Amino acid sequence: MTLQHISYISRLSPHETIADLIADMERFRVRNLSLGITGCIAFEGERIMQILEGPRVAVDKLFETIKADPRHHEVIELERKTIERMSFRHWGMVRRPIADVVFLTQLT
């Protein structure tokens, strides 16, 4: 199975709040884990930065869903690469400060 890493940034829709997104985090985490996807997410003001890792087809499909999600605006893919192993396997989808997520993108 080919593993994929995608990191991106986006801007939260004016009709959403970070509190709304945080309230949905557990549901997103459970769904992503069921698809074999793990990663890391950060919020700063209206900006979101996320790393997604997992099976290539599942990660690509999730990223397309995110790009079409009205809660996200100005989605910018930062990096897409094939990886040998997942960096967040035991984390699920963890929330970290944005500086940590930027640093983590350099390690994978």
# chains A, B, ... in the order shown; residues from 1 in each chain; ligands from 1
$ closest_atom_pairs --of "segment 23-48 of chain A" --to "segment 53-57 of chain A" --cutoff "10 Å" --atoms "only C-alpha atoms" --output "tab-separated table"
residue	atom	partner	partner_atom	distance
A:Asn32	CA	A:Gly54	CA	9.2
A:Leu33	CA	A:Gly54	CA	9.3
A:Leu35	CA	A:Gly54	CA	8.1
A:Gly36	CA	A:Gly54	CA	5.7
A:Ile37	CA	A:Gly54	CA	4.5
A:Thr38	CA	A:Glu53	CA	5.4
A:Gly39	CA	A:Glu53	CA	5.7
A:Cys40	CA	A:Glu53	CA	9.0
$ select_by_dssp --residues "chain A" --states "alpha helix (DSSP H)" --output "PyMOL selection string"
chain A and resi 18-34+56-68+98-107
$ closest_residue --among "A:Leu12, A:Leu52, A:Met25, A:Ile6" --to "Leu78 of chain A" --atoms "only C-alpha atoms"
A:Ile6
$ residues_around --residues "Leu21 of chain A" --least-positions-apart "3" --cutoff "12 Å" --atoms "only C-alpha atoms" --output "PyMOL selection string"
chain A and resi 12-13+15-18+24-29+41-43+46-48+71-72+95
$ write_last_selection --atoms "C-alpha atoms" --output "mmCIF file, in the first residue's frame"
data_model
loop_
_atom_site.group_PDB
_atom_site.id
_atom_site.type_symbol
_atom_site.label_atom_id
_atom_site.label_comp_id
_atom_site.auth_asym_id
_atom_site.auth_seq_id
_atom_site.Cartn_x
_atom_site.Cartn_y
_atom_site.Cartn_z
ATOM 1 C CA LEU A 12 -12.047 29.374 7.883
ATOM 2 C CA SER A 13 -15.347 30.528 6.418
ATOM 3 C CA HIS A 15 -19.798 31.721 9.033
ATOM 4 C CA GLU A 16 -17.731 29.237 11.088
ATOM 5 C CA THR A 17 -15.745 29.625 14.237
ATOM 6 C CA ILE A 18 -12.771 27.743 15.587
ATOM 7 C CA ASP A 24 -16.454 18.485 15.410
ATOM 8 C CA MET A 25 -12.857 17.304 15.948
ATOM 9 C CA GLU A 26 -13.740 14.007 17.649
ATOM 10 C CA ARG A 27 -16.125 13.061 14.827
ATOM 11 C CA PHE A 28 -13.442 13.892 12.240
ATOM 12 C CA ARG A 29 -10.803 11.932 14.186
ATOM 13 C CA ILE A 41 -4.103 20.124 12.769
ATOM 14 C CA ALA A 42 -3.523 23.661 14.007
ATOM 15 C CA PHE A 43 -5.630 26.803 14.207
ATOM 16 C CA GLU A 46 -8.983 32.174 10.959
ATOM 17 C CA ARG A 47 -6.135 30.078 9.528
ATOM 18 C CA ILE A 48 -6.037 26.285 9.578
ATOM 19 C CA ARG A 71 -16.055 25.831 5.837
ATOM 20 C CA HIS A 72 -12.676 26.121 4.072
ATOM 21 C CA ARG A 95 -4.338 19.391 17.618
#
$ atom_distance --atom1 "atom CA of Gln4 of chain A" --atom2 "atom CA of Ala23 of chain A"
26.9 Å
$ decode --residues "segment 10-21 of chain A" --atoms "all heavy atoms" --output "CSV table (one decimal), in the first residue's frame"
chain,number,residue,atom,x,y,z
A,10,SER,N,-5.6,26.7,5.0
A,10,SER,CA,-6.8,27.2,4.5
A,10,SER,C,-7.3,28.3,5.4
A,10,SER,O,-6.7,28.5,6.5
A,10,SER,CB,-7.9,26.2,4.3
A,10,SER,OG,-8.3,25.7,5.6
A,11,ARG,N,-8.3,29.0,5.0
A,11,ARG,CA,-8.9,30.1,5.8
A,11,ARG,C,-10.3,29.6,6.2
A,11,ARG,O,-11.1,29.1,5.3
A,11,ARG,CB,-9.0,31.4,5.1
A,11,ARG,CG,-9.4,32.6,5.9
A,11,ARG,CD,-9.3,33.9,5.2
A,11,ARG,NE,-10.0,33.9,3.8
A,11,ARG,CZ,-11.3,34.1,3.6
A,11,ARG,NH1,-12.1,34.3,4.6
A,11,ARG,NH2,-11.7,34.1,2.4
A,12,LEU,N,-10.7,29.8,7.4
A,12,LEU,CA,-12.0,29.4,7.9
A,12,LEU,C,-13.1,30.3,7.3
A,12,LEU,O,-12.9,31.5,7.3
A,12,LEU,CB,-12.1,29.4,9.4
A,12,LEU,CG,-13.2,28.8,10.1
A,12,LEU,CD1,-13.3,27.3,9.8
A,12,LEU,CD2,-13.1,28.9,11.6
A,13,SER,N,-14.2,29.7,6.9
A,13,SER,CA,-15.3,30.5,6.4
A,13,SER,C,-15.8,31.5,7.5
A,13,SER,O,-15.8,31.3,8.7
A,13,SER,CB,-16.5,29.6,6.1
A,13,SER,OG,-17.7,30.3,6.0
A,14,PRO,N,-16.2,32.7,7.0
A,14,PRO,CA,-16.7,33.7,8.0
A,14,PRO,C,-17.9,33.3,8.8
A,14,PRO,O,-18.2,33.8,9.9
A,14,PRO,CB,-17.1,34.9,7.1
A,14,PRO,CG,-16.5,34.7,5.8
A,14,PRO,CD,-16.3,33.2,5.7
A,15,HIS,N,-18.6,32.2,8.3
A,15,HIS,CA,-19.8,31.7,9.0
A,15,HIS,C,-19.5,30.6,10.1
A,15,HIS,O,-20.3,30.1,10.7
A,15,HIS,CB,-20.8,31.2,8.0
A,15,HIS,CG,-21.1,32.2,7.0
A,15,HIS,ND1,-21.8,33.3,7.2
A,15,HIS,CD2,-20.9,32.2,5.6
A,15,HIS,CE1,-22.0,34.1,6.1
A,15,HIS,NE2,-21.4,33.4,5.1
A,16,GLU,N,-18.2,30.3,10.2
A,16,GLU,CA,-17.7,29.2,11.1
A,16,GLU,C,-16.8,29.9,12.1
A,16,GLU,O,-16.2,30.9,11.8
A,16,GLU,CB,-17.0,28.1,10.3
A,16,GLU,CG,-17.8,27.3,9.4
A,16,GLU,CD,-18.7,26.4,10.1
A,16,GLU,OE1,-18.3,25.8,11.2
A,16,GLU,OE2,-19.9,26.2,9.7
A,17,THR,N,-16.7,29.2,13.2
A,17,THR,CA,-15.7,29.6,14.2
A,17,THR,C,-14.8,28.5,14.6
A,17,THR,O,-15.1,27.3,14.3
A,17,THR,CB,-16.4,30.1,15.5
A,17,THR,OG1,-17.0,28.9,16.1
A,17,THR,CG2,-17.5,31.1,15.3
A,18,ILE,N,-13.7,28.8,15.1
A,18,ILE,CA,-12.8,27.7,15.6
A,18,ILE,C,-13.5,26.8,16.6
A,18,ILE,O,-13.3,25.6,16.6
A,18,ILE,CB,-11.5,28.4,16.2
A,18,ILE,CG1,-10.7,29.1,15.1
A,18,ILE,CG2,-10.6,27.3,16.9
A,18,ILE,CD1,-10.2,28.3,14.0
A,19,ALA,N,-14.3,27.4,17.4
A,19,ALA,CA,-15.1,26.6,18.4
A,19,ALA,C,-16.0,25.6,17.7
A,19,ALA,O,-16.1,24.4,18.2
A,19,ALA,CB,-15.9,27.5,19.3
A,20,ASP,N,-16.6,26.0,16.6
A,20,ASP,CA,-17.4,25.0,15.8
A,20,ASP,C,-16.5,23.9,15.3
A,20,ASP,O,-16.9,22.7,15.4
A,20,ASP,CB,-18.0,25.7,14.6
A,20,ASP,CG,-19.0,26.8,15.0
A,20,ASP,OD1,-19.7,26.7,16.0
A,20,ASP,OD2,-19.2,27.7,14.1
A,21,LEU,N,-15.4,24.2,14.8
A,21,LEU,CA,-14.5,23.2,14.3
A,21,LEU,C,-14.0,22.3,15.4
A,21,LEU,O,-13.9,21.0,15.2
A,21,LEU,CB,-13.3,23.9,13.6
A,21,LEU,CG,-12.6,23.2,12.4
A,21,LEU,CD1,-13.6,22.7,11.4
A,21,LEU,CD2,-11.6,24.1,11.8
